[in-house]
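Content type compact mmCIF, C-alpha atoms and all ligand atoms, from the file final.txt:
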```
# COMPACT_ATOMS: atom_id res chain seq x y z
CA MET F 1 80.43 94.02 88.58
CA ILE F 2 81.56 90.52 89.59
CA GLN F 3 78.88 87.96 90.37
CA ILE F 4 79.90 84.52 91.51
CA LYS F 5 76.95 82.22 91.06
CA ASN F 6 76.82 78.78 92.64
CA VAL F 7 80.44 78.00 91.74
CA LYS F 8 81.50 74.42 92.49
CA LYS F 9 84.96 72.97 92.13
CA THR F 10 86.29 69.50 92.83
CA PHE F 11 89.95 68.45 93.18
CA ASN F 12 90.58 64.71 93.14
CA LYS F 13 87.01 63.89 94.13
CA THR F 14 87.06 66.39 97.01
CA GLU F 15 84.62 69.24 96.64
CA VAL F 16 86.65 72.34 97.48
CA LEU F 17 84.04 74.96 96.48
CA LYS F 18 80.51 73.87 97.32
CA GLY F 19 78.30 76.35 95.52
CA VAL F 20 79.75 79.77 96.28
CA ASN F 21 77.59 82.86 95.73
CA ILE F 22 79.13 86.32 96.08
CA ASP F 23 78.36 89.71 94.53
CA ILE F 24 81.16 92.23 94.35
CA GLU F 25 80.29 95.76 93.38
CA LYS F 26 82.31 98.24 91.36
CA GLY F 27 84.67 100.34 93.44
CA GLU F 28 84.38 98.11 96.50
CA ILE F 29 87.14 96.71 98.68
CA PHE F 30 85.79 93.22 99.22
CA GLY F 31 87.35 90.77 101.66
CA ILE F 32 87.21 86.99 101.54
CA ILE F 33 88.28 85.62 104.91
CA GLY F 34 88.50 82.14 106.39
CA GLN F 35 90.77 79.47 107.83
CA SER F 36 93.53 77.91 105.83
CA GLY F 37 92.07 75.34 103.43
CA ALA F 38 88.67 77.07 103.24
CA GLY F 39 89.00 77.45 99.47
CA LYS F 40 89.86 81.16 99.30
CA SER F 41 92.78 80.92 96.88
CA THR F 42 90.90 78.47 94.68
CA LEU F 43 87.97 80.88 94.51
CA LEU F 44 90.25 83.80 93.62
CA ARG F 45 91.87 81.73 90.88
CA CYS F 46 88.41 80.91 89.51
CA ILE F 47 87.60 84.63 89.45
CA ASN F 48 90.59 85.52 87.30
CA GLY F 49 90.32 82.48 85.09
CA LEU F 50 93.48 80.70 86.28
CA GLU F 51 91.32 77.83 87.47
CA SER F 52 88.28 76.22 85.85
CA TYR F 53 85.18 75.20 87.79
CA ASP F 54 82.73 72.34 87.39
CA GLU F 55 79.45 74.13 87.91
CA GLY F 56 78.07 77.63 88.26
CA ALA F 57 79.01 80.86 86.55
CA ILE F 58 81.09 83.96 87.07
CA VAL F 59 79.66 87.11 85.55
CA VAL F 60 81.90 90.12 85.01
CA ASP F 61 80.19 93.35 83.93
CA ASP F 62 77.03 91.47 83.02
CA VAL F 63 78.87 89.04 80.76
CA THR F 64 79.20 85.40 81.80
CA VAL F 65 82.84 84.35 81.52
CA ASP F 66 83.28 81.51 79.06
CA ILE F 67 85.97 79.45 80.78
CA LYS F 68 86.61 77.38 77.68
CA ASN F 69 87.54 80.40 75.60
CA LYS F 70 91.28 81.09 75.96
CA LYS F 71 91.02 84.54 74.42
CA VAL F 72 88.27 85.56 76.83
CA LEU F 73 90.36 84.32 79.76
CA ARG F 74 93.45 86.16 78.62
CA ASN F 75 91.52 89.40 78.31
CA LEU F 76 89.99 88.82 81.71
CA GLN F 77 93.44 88.34 83.22
CA LYS F 78 94.55 91.57 81.61
CA ARG F 79 91.77 93.37 83.49
CA MET F 80 92.73 91.76 86.80
CA GLY F 81 96.03 92.58 88.49
CA MET F 82 97.18 89.97 91.00
CA ILE F 83 99.40 90.19 94.06
CA PHE F 84 100.49 87.29 96.23
CA GLN F 85 102.01 86.55 99.62
CA GLY F 86 105.34 85.60 98.02
CA PHE F 87 105.55 88.70 95.75
CA ASN F 88 106.61 86.59 92.70
CA LEU F 89 109.19 89.10 91.43
CA LEU F 90 111.88 88.11 88.94
CA GLU F 91 115.21 88.17 90.80
CA ARG F 92 117.34 88.99 87.77
CA LEU F 93 115.28 92.10 86.93
CA ASP F 94 115.39 95.41 88.79
CA VAL F 95 112.36 97.30 90.10
CA TYR F 96 111.76 99.16 86.86
CA GLN F 97 112.01 96.03 84.73
CA ASN F 98 109.73 94.06 87.05
CA VAL F 99 107.05 96.75 86.84
CA ALA F 100 107.42 96.87 83.04
CA LEU F 101 107.08 93.10 82.68
CA PRO F 102 103.32 92.82 82.05
CA MET F 103 103.61 95.38 79.24
CA LYS F 104 106.45 93.36 77.71
CA PHE F 105 104.37 90.22 78.06
CA TRP F 106 101.47 91.80 76.19
CA GLY F 107 103.74 93.17 73.47
CA ILE F 108 103.23 96.78 74.51
CA PRO F 109 106.38 98.82 73.69
CA THR F 110 108.14 99.90 76.88
CA ASN F 111 110.72 102.24 75.36
CA THR F 112 108.34 105.02 74.28
CA PRO F 113 108.36 108.20 76.40
CA GLU F 114 104.72 107.54 77.43
CA ALA F 115 105.47 103.99 78.54
CA LYS F 116 108.53 105.12 80.49
CA GLU F 117 106.55 107.86 82.18
CA LYS F 118 103.80 105.44 83.08
CA ILE F 119 106.20 102.95 84.65
CA LEU F 120 107.93 105.75 86.51
CA ASN F 121 104.62 107.08 87.80
CA LEU F 122 103.65 103.65 89.09
CA ILE F 123 106.97 103.36 90.90
CA LYS F 124 106.37 106.80 92.40
CA LEU F 125 102.83 105.83 93.39
CA VAL F 126 104.16 102.99 95.51
CA GLY F 127 106.95 105.20 96.90
CA LEU F 128 109.97 103.41 95.46
CA GLU F 129 111.60 106.03 93.24
CA GLU F 130 114.83 105.71 95.25
CA LYS F 131 114.95 101.97 94.53
CA ILE F 132 114.20 102.06 90.83
CA HIS F 133 117.35 100.15 89.86
CA SER F 134 117.50 97.83 92.87
CA LYS F 135 117.11 94.09 92.49
CA PRO F 136 114.46 92.29 94.60
CA ARG F 137 117.15 90.84 96.92
CA GLU F 138 118.08 94.41 97.90
CA LEU F 139 114.53 95.18 99.04
CA SER F 140 112.59 94.51 102.24
CA GLY F 141 109.38 92.44 102.19
CA GLY F 142 107.19 95.53 102.24
CA GLN F 143 109.16 97.10 99.39
CA LYS F 144 108.89 93.91 97.35
CA GLN F 145 105.13 93.92 97.79
CA ARG F 146 105.07 97.55 96.64
CA VAL F 147 106.87 96.53 93.45
CA ALA F 148 104.33 93.74 92.96
CA ILE F 149 101.49 96.24 93.39
CA ALA F 150 103.01 98.62 90.83
CA ARG F 151 103.46 95.70 88.45
CA ALA F 152 99.84 94.62 88.95
CA LEU F 153 98.73 98.11 87.90
CA ALA F 154 100.85 98.24 84.74
CA LEU F 155 98.01 97.24 82.40
CA ASP F 156 95.44 99.63 83.95
CA PRO F 157 93.34 96.84 85.49
CA ASP F 158 89.77 97.33 86.68
CA PHE F 159 90.32 94.87 89.50
CA LEU F 160 93.14 94.12 91.88
CA LEU F 161 93.10 90.62 93.36
CA CYS F 162 95.19 90.10 96.47
CA ASP F 163 95.92 86.63 97.85
CA GLU F 164 97.33 86.87 101.40
CA ALA F 165 99.25 89.93 100.22
CA THR F 166 100.21 91.00 103.74
CA SER F 167 100.47 87.63 105.45
CA ALA F 168 104.26 87.57 105.27
CA LEU F 169 104.68 91.12 106.56
CA ASP F 170 104.83 92.49 110.09
CA PRO F 171 101.96 94.63 111.42
CA GLU F 172 103.50 98.07 110.78
CA ILE F 173 104.46 97.21 107.21
CA THR F 174 101.03 95.65 106.69
CA LYS F 175 99.40 98.96 107.66
CA GLY F 176 101.45 100.78 105.03
CA ILE F 177 100.52 98.29 102.31
CA LEU F 178 96.84 98.47 103.25
CA ALA F 179 96.95 102.27 103.17
CA LEU F 180 98.45 102.04 99.68
CA LEU F 181 95.69 99.68 98.54
CA GLN F 182 93.10 102.06 99.96
CA LYS F 183 94.66 104.94 98.05
CA ILE F 184 94.63 102.92 94.82
CA ASN F 185 90.97 102.08 95.39
CA LYS F 186 89.98 105.69 96.09
CA GLU F 187 92.10 107.57 93.60
CA MET F 188 92.13 105.13 90.69
CA GLY F 189 88.67 103.65 91.26
CA ILE F 190 90.01 100.11 91.13
CA THR F 191 87.85 97.40 92.68
CA ILE F 192 89.91 95.35 95.13
CA ILE F 193 89.32 91.78 96.25
CA ILE F 194 91.35 90.74 99.26
CA VAL F 195 91.76 87.12 100.27
CA THR F 196 93.19 86.79 103.75
CA HIS F 197 93.10 84.82 106.98
CA GLN F 198 93.94 88.03 108.90
CA MET F 199 91.07 89.71 110.70
CA GLU F 200 93.10 92.93 110.99
CA VAL F 201 93.21 93.32 107.22
CA VAL F 202 89.46 93.00 106.85
CA LYS F 203 88.77 95.36 109.74
CA GLN F 204 91.12 98.00 108.45
CA ILE F 205 90.03 98.35 104.84
CA CYS F 206 87.25 96.06 103.65
CA GLN F 207 83.81 97.59 103.12
CA LYS F 208 82.30 94.16 102.76
CA VAL F 209 83.45 90.68 103.62
CA ALA F 210 82.48 87.09 102.94
CA PHE F 211 83.41 84.44 105.48
CA LEU F 212 84.35 81.24 103.69
CA SER F 213 84.41 77.91 105.51
CA GLY F 214 84.82 74.47 103.99
CA GLY F 215 84.12 75.80 100.50
CA LYS F 216 80.92 77.60 101.50
CA VAL F 217 80.05 81.20 102.27
CA LEU F 218 78.88 81.21 105.89
CA ALA F 219 78.08 84.90 106.07
CA VAL F 220 78.43 88.08 104.02
CA GLY F 221 78.17 91.65 105.21
CA LYS F 222 79.94 94.65 106.58
CA PRO F 223 82.91 93.51 108.69
CA GLU F 224 81.41 95.08 111.82
CA GLN F 225 78.11 93.25 111.26
CA LEU F 226 79.86 89.95 110.84
CA PHE F 227 82.43 90.18 113.54
CA VAL F 228 81.06 92.24 116.42
CA TRP F 229 78.05 90.01 116.85
CA PRO F 230 78.73 86.76 115.04
CA LYS F 231 75.93 84.25 115.33
CA GLU F 232 77.68 81.42 113.51
CA ARG F 233 79.66 79.13 115.78
CA GLU F 234 82.45 78.81 113.22
CA ILE F 235 82.94 82.56 113.02
CA ARG F 236 83.03 82.77 116.82
CA GLU F 237 85.65 80.05 116.90
CA PHE F 238 87.63 81.77 114.18
CA LEU F 239 87.60 84.97 116.25
CA ARG F 240 88.33 83.02 119.43
CA GLU F 241 85.48 84.74 121.21
CA GLU F 242 85.19 85.22 124.93
CA SER F 243 83.09 82.28 126.08
CA ASP F 244 85.84 80.11 127.55
CA LYS F 245 86.97 82.85 129.95
CA LEU F 246 83.63 83.86 131.47
CA PRO F 247 82.42 83.20 135.04
CA THR F 248 80.40 80.03 135.40
CA THR F 249 78.07 81.40 138.09
CA GLY F 250 75.37 84.07 137.67
CA ILE F 251 74.28 85.40 134.29
CA ASN F 252 76.60 86.68 131.60
CA LEU F 253 75.00 89.42 129.58
CA LYS F 254 76.73 90.74 126.50
CA LEU F 255 76.20 94.33 125.32
CA PHE F 256 77.05 95.47 121.82
CA PHE F 257 78.16 98.92 120.80
CA PHE F 258 77.86 99.88 117.16
CA GLY F 259 79.72 103.04 116.29
CA GLU F 260 78.30 105.60 118.71
CA GLY F 261 77.51 103.41 121.71
CA ASN F 262 80.86 103.71 123.37
CA GLN F 263 80.18 107.44 123.85
CA ARG F 264 77.38 106.72 126.33
CA PRO F 265 77.84 105.84 130.02
CA ILE F 266 75.43 102.92 129.76
CA VAL F 267 76.89 100.62 132.40
CA THR F 268 77.22 103.17 135.18
CA GLU F 269 73.74 104.50 134.45
CA MET F 270 72.29 101.03 134.57
CA SER F 271 74.09 100.29 137.81
CA ARG F 272 72.64 103.42 139.42
CA GLU F 273 69.14 102.86 138.11
CA LEU F 274 68.97 99.24 139.20
CA GLN F 275 70.84 99.99 142.44
CA THR F 276 73.14 97.07 142.05
CA ASN F 277 76.69 96.38 140.95
CA PHE F 278 77.85 94.51 137.89
CA ASN F 279 81.07 92.77 137.28
CA ILE F 280 82.55 93.64 133.89
CA CYS F 281 84.25 90.39 133.03
CA TRP F 282 85.14 90.78 129.38
CA ALA F 283 85.27 93.61 126.87
CA LYS F 284 86.68 94.55 123.55
CA LEU F 285 86.63 97.65 121.41
CA GLU F 286 87.74 97.49 117.85
CA ASP F 287 88.37 99.90 115.01
CA PHE F 288 86.51 99.08 111.85
CA ARG F 289 87.75 101.56 109.29
CA GLU F 290 86.61 104.91 110.75
CA ASP F 291 84.36 103.69 113.56
CA VAL F 292 84.80 102.00 116.90
CA TYR F 293 82.69 98.94 117.55
CA GLY F 294 82.70 96.68 120.51
CA SER F 295 81.08 94.53 123.07
CA LEU F 296 81.34 93.87 126.76
CA VAL F 297 80.12 91.15 129.04
CA LEU F 298 78.57 91.87 132.45
CA ASN F 299 78.17 89.19 135.06
CA MET F 300 75.12 89.67 137.28
CA GLU F 301 72.76 87.82 139.56
CA GLU F 302 69.84 86.13 137.88
CA LYS F 303 67.31 88.28 139.76
CA ASP F 304 68.69 91.45 138.08
CA LEU F 305 68.51 90.14 134.53
CA GLU F 306 64.96 91.14 133.66
CA LYS F 307 65.37 94.72 134.86
CA ALA F 308 68.75 95.03 133.17
CA CYS F 309 67.34 93.90 129.84
CA ALA F 310 64.42 96.30 130.13
CA PHE F 311 66.85 99.12 130.85
CA LEU F 312 69.02 98.22 127.85
CA ASP F 313 65.96 97.99 125.58
CA SER F 314 64.88 101.44 126.71
CA LYS F 315 68.33 102.75 125.68
CA ASN F 316 68.32 100.84 122.39
CA VAL F 317 71.36 98.81 123.33
CA THR F 318 71.65 95.41 121.69
CA TRP F 319 72.21 92.60 124.18
CA GLU F 320 72.42 88.85 124.38
CA VAL F 321 72.53 86.37 127.24
CA ILE F 322 75.55 84.14 126.80
CA LYS F 323 74.89 80.49 127.46
N1 LIG F 401 95.77 72.22 92.68
C1 LIG F 401 95.18 71.52 93.67
N2 LIG F 401 95.05 70.19 93.62
C2 LIG F 401 94.43 69.49 94.61
N3 LIG F 401 93.91 70.07 95.71
C3 LIG F 401 94.01 71.39 95.83
C4 LIG F 401 94.65 72.19 94.83
N4 LIG F 401 94.59 73.50 95.22
C5 LIG F 401 93.95 73.50 96.41
N5 LIG F 401 93.61 72.25 96.78
C6 LIG F 401 92.87 71.89 98.00
O1 LIG F 401 91.70 72.68 98.07
C7 LIG F 401 91.42 73.10 99.38
C8 LIG F 401 91.33 74.62 99.44
O2 LIG F 401 92.59 75.15 99.17
P1 LIG F 401 92.85 76.72 99.03
O3 LIG F 401 91.90 77.27 98.04
O4 LIG F 401 94.29 76.92 98.77
O5 LIG F 401 92.45 77.24 100.49
P2 LIG F 401 92.86 78.59 101.24
O6 LIG F 401 93.41 79.54 100.24
O7 LIG F 401 91.58 79.05 101.86
O8 LIG F 401 93.84 78.21 102.28
C9 LIG F 401 92.53 72.54 100.25
O9 LIG F 401 92.06 71.37 100.86
C10 LIG F 401 93.63 72.23 99.26
O10 LIG F 401 94.39 71.16 99.70
MG MG F 402 95.24 80.48 100.17
```

For this file, produce the structure as structure tokens.
Ligand SMILES: Nc1ncnc2c1ncn2[C@@H]1O[C@H](COP(=O)(O)OP(=O)(O)O)[C@@H](O)[C@H]1O
Ligand SMILES: [Mg+2]
Amino acid sequence: MIQIKNVKKTFNKTEVLKGVNIDIEKGEIFGIIGQSGAGKSTLLRCINGLESYDEGAIVVDDVTVDIKNKKVLRNLQKRMGMIFQGFNLLERLDVYQNVALPMKFWGIPTNTPEAKEKILNLIKLVGLEEKIHSKPRELSGGQKQRVAIARALALDPDFLLCDEATSALDPEITKGILALLQKINKEMGITIIIVTHQMEVVKQICQKVAFLSGGKVLAVGKPEQLFVWPKEREIREFLREESDKLPTTGINLKLFFFGEGNQRPIVTEMSRELQTNFNICWAKLEDFREDVYGSLVLNMEEKDLEKACAFLDSKNVTWEVIK
């Protein structure tokens, strides 16, 4: 549906995108995560044609986007709703008028009964029917983002592009916005691309994620694959993994639980079977959409390591010795 092929972009002699390759499928909620300055916003702007690129191609529905063709770009932007961290609402317009703005911009009449019904339905979809005539200054941050979402849907886009859409909101409000995005994805079949530096966002709703670092994709996969057992040092650092808090004597053995593992009494069984005790020195369990994933670190004496690993292998538990 969207293929980003070896896209390179330079600002003032600095290469900001260094050959990015990403495939985004229809109906997916796709996350692009990384530190500030990684190139996420630039990449998103390349996708919707707001930014040109020096090399590579972006293919939408099997057609390579011609970035020199203004008409092509305008039509692409029509198919892609955008929401931002700062909401970008017009202060002098009320909720209804803000949502109607893209239609006005495209010369679509907004005073027909169908247009009015459509705008009203969008406002209902985001749960703001009580605020229909409020100005942005009378709304909370979460409500403003809901208006921006309704506005982004006004032209029936195929894609919704979100750039740090929840970064200015507190965790409870963020959950509500993410639930709304999920509903839009499910019920309207809109493909959503979420750019964020917030791990929580990716964990909660993204089916797939690309980790961007210094203008390059370091890893792509399901969030649980990328983040429960990250092999790349940069991803570990981004997640602030456990290694600085672990004991410096004995062996630290990390166990991974993917989905079902936390249902099994692995550690106590292993302790009984090997007739020794382990010190659990670090653990985390995390929700990834519907499942719980996690890992824990056991500290043990070196002499127990071999038997412990054999036991874990026999139970199909993934493990790793932490250096
Ligand atoms: N319009 C611009 N002109 C010059 N440099 C830019 C411009 N936009 C972004 N950059 C630079 O590109 C790099 C990536 O920026 P950005 O895509 O905004 O990263 P992110 O969204 O991941 O924080 C940064 O070093 C930033 O300073
Ligand atoms: Mg950004």

7 Å shell around ligand LIG 401 (chain F) using all atoms listed in the file, listed as a list of chain:residue names: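 Counting all atoms listed in the file, the residues within 7 Å of ligand LIG 401 (chain F) come out as F:Phe11, F:Asn12, F:Val16, F:Gly34, F:Gln35, F:Ser36, F:Gly37, F:Ala38, F:Gly39, F:Lys40, F:Ser41, F:Thr42, F:Leu43.
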
Straight-line distance linking CA of Gly189 in chain F with CA of Asp156 in chain F, stated in Å to one decimal: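 Pair CA of Gly189 in chain F / CA of Asp156 in chain F returns 10.7 Å.
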
Neighbours of point (103.5, 100.7, 87.0) within 12 Å, using all atoms listed in the file, written as a ChimeraX atom specification: /F:81,95-103,110,114-129,132,146-157

What's around range 294-308 of chain F at 10 Å? Count all atoms listed in the file, leave out sequence neighbours fewer than 5 positions away in its own chain, and write the answer as a compact mmCIF listing (two decimals) with C-alpha atoms, keeping the file's coordinate frame.
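Generated output (part.txt):
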```
# COMPACT_ATOMS: atom_id res chain seq x y z
CA GLU F 224 81.41 95.08 111.82
CA PHE F 227 82.43 90.18 113.54
CA VAL F 228 81.06 92.24 116.42
CA TRP F 229 78.05 90.01 116.85
CA GLU F 242 85.19 85.22 124.93
CA SER F 243 83.09 82.28 126.08
CA LEU F 246 83.63 83.86 131.47
CA PRO F 247 82.42 83.20 135.04
CA THR F 248 80.40 80.03 135.40
CA THR F 249 78.07 81.40 138.09
CA GLY F 250 75.37 84.07 137.67
CA ILE F 251 74.28 85.40 134.29
CA ASN F 252 76.60 86.68 131.60
CA LEU F 253 75.00 89.42 129.58
CA LYS F 254 76.73 90.74 126.50
CA LEU F 255 76.20 94.33 125.32
CA PHE F 256 77.05 95.47 121.82
CA PHE F 257 78.16 98.92 120.80
CA PHE F 258 77.86 99.88 117.16
CA GLY F 259 79.72 103.04 116.29
CA GLY F 261 77.51 103.41 121.71
CA ASN F 262 80.86 103.71 123.37
CA VAL F 267 76.89 100.62 132.40
CA MET F 270 72.29 101.03 134.57
CA SER F 271 74.09 100.29 137.81
CA GLU F 273 69.14 102.86 138.11
CA LEU F 274 68.97 99.24 139.20
CA GLN F 275 70.84 99.99 142.44
CA THR F 276 73.14 97.07 142.05
CA ASN F 277 76.69 96.38 140.95
CA PHE F 278 77.85 94.51 137.89
CA ASN F 279 81.07 92.77 137.28
CA ILE F 280 82.55 93.64 133.89
CA CYS F 281 84.25 90.39 133.03
CA TRP F 282 85.14 90.78 129.38
CA ALA F 283 85.27 93.61 126.87
CA LYS F 284 86.68 94.55 123.55
CA LEU F 285 86.63 97.65 121.41
CA GLU F 286 87.74 97.49 117.85
CA ASP F 287 88.37 99.90 115.01
CA PHE F 288 86.51 99.08 111.85
CA ASP F 313 65.96 97.99 125.58
CA SER F 314 64.88 101.44 126.71
CA THR F 318 71.65 95.41 121.69
CA TRP F 319 72.21 92.60 124.18
CA GLU F 320 72.42 88.85 124.38
CA VAL F 321 72.53 86.37 127.24
CA ILE F 322 75.55 84.14 126.80
```

F:Leu73, F:Ile67, F:Leu89, F:Leu212 ranked by distance to ligand MG 402 (chain F), top pick (using all atoms listed in the file): F:Leu212

Length of the CA of Gln3 in chain F to CA of Arg79 in chain F vector [Å]: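 A separation of 15.6 Å between them.
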
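Minimum atom-to-atom distance to ligand MG 402 (chain F), evaluated using all atoms listed in the file, belongs to F:Arg45 out of F:Arg45, F:Lys203, F:Lys26, F:Lys13.
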
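Residues in contact with Glu15 in chain F at 8 Å, where all atoms listed in the file are counted and same-chain residues fewer than 6 positions away are skipped, are listed as Lys8, Lys9 and Gly215 of chain F.
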
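A straight line drawn from CA of Glu232 in chain F to CA of Glu164 in chain F is 23.7 Å long.
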
Closest of F:Thr64, F:Ser167, F:Gln143, F:Gln207 to ligand MG 402 (chain F) - atom-to-atom distances counting only C-alpha atoms and all ligand atoms: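 So, comparing all the options, the nearest one is F:Ser167.
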
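Minimum distance to Thr191 in chain F across F:Lys208, F:Arg272, F:Lys175, F:Lys71 (counting only C-alpha atoms) occurs at F:Lys208.
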
Pick from F:Val59, F:Val195, F:Ile22, F:Leu50 nearest to ligand MG 402 (chain F), counting only C-alpha atoms and all ligand atoms: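 Between F:Val59, F:Val195, F:Ile22, F:Leu50, the residue approaching ligand MG 402 (chain F) most closely is F:Val195.
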
As lines of an AutoDock Vina configuration file, please report the centre and edge lengths, rounded to one decimal in Å, of the axis-aligned box that holds all listed atoms of range 61-80 of chain F with 8 Å of padding on each of the six sides.
```
center_x = 85.8
center_y = 85.4
center_z = 80.6
size_x = 33.5
size_y = 32.0
size_z = 28.4
```

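Among the candidates F:Ile4, F:Pro223, F:Ile173, F:His197, the residue lying nearest to Val63 in chain F is F:Ile4 (atoms considered: only C-alpha atoms).
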
Contacts of Leu44 in chain F within 12 Å, all atoms listed in the file, excl. fewer than 2 positions in-chain, as number ranges by chain: F: 2, 4, 7, 17, 20, 22, 30-33, 38-42, 46-53, 58, 77, 80-84, 159-164, 192-196, 212
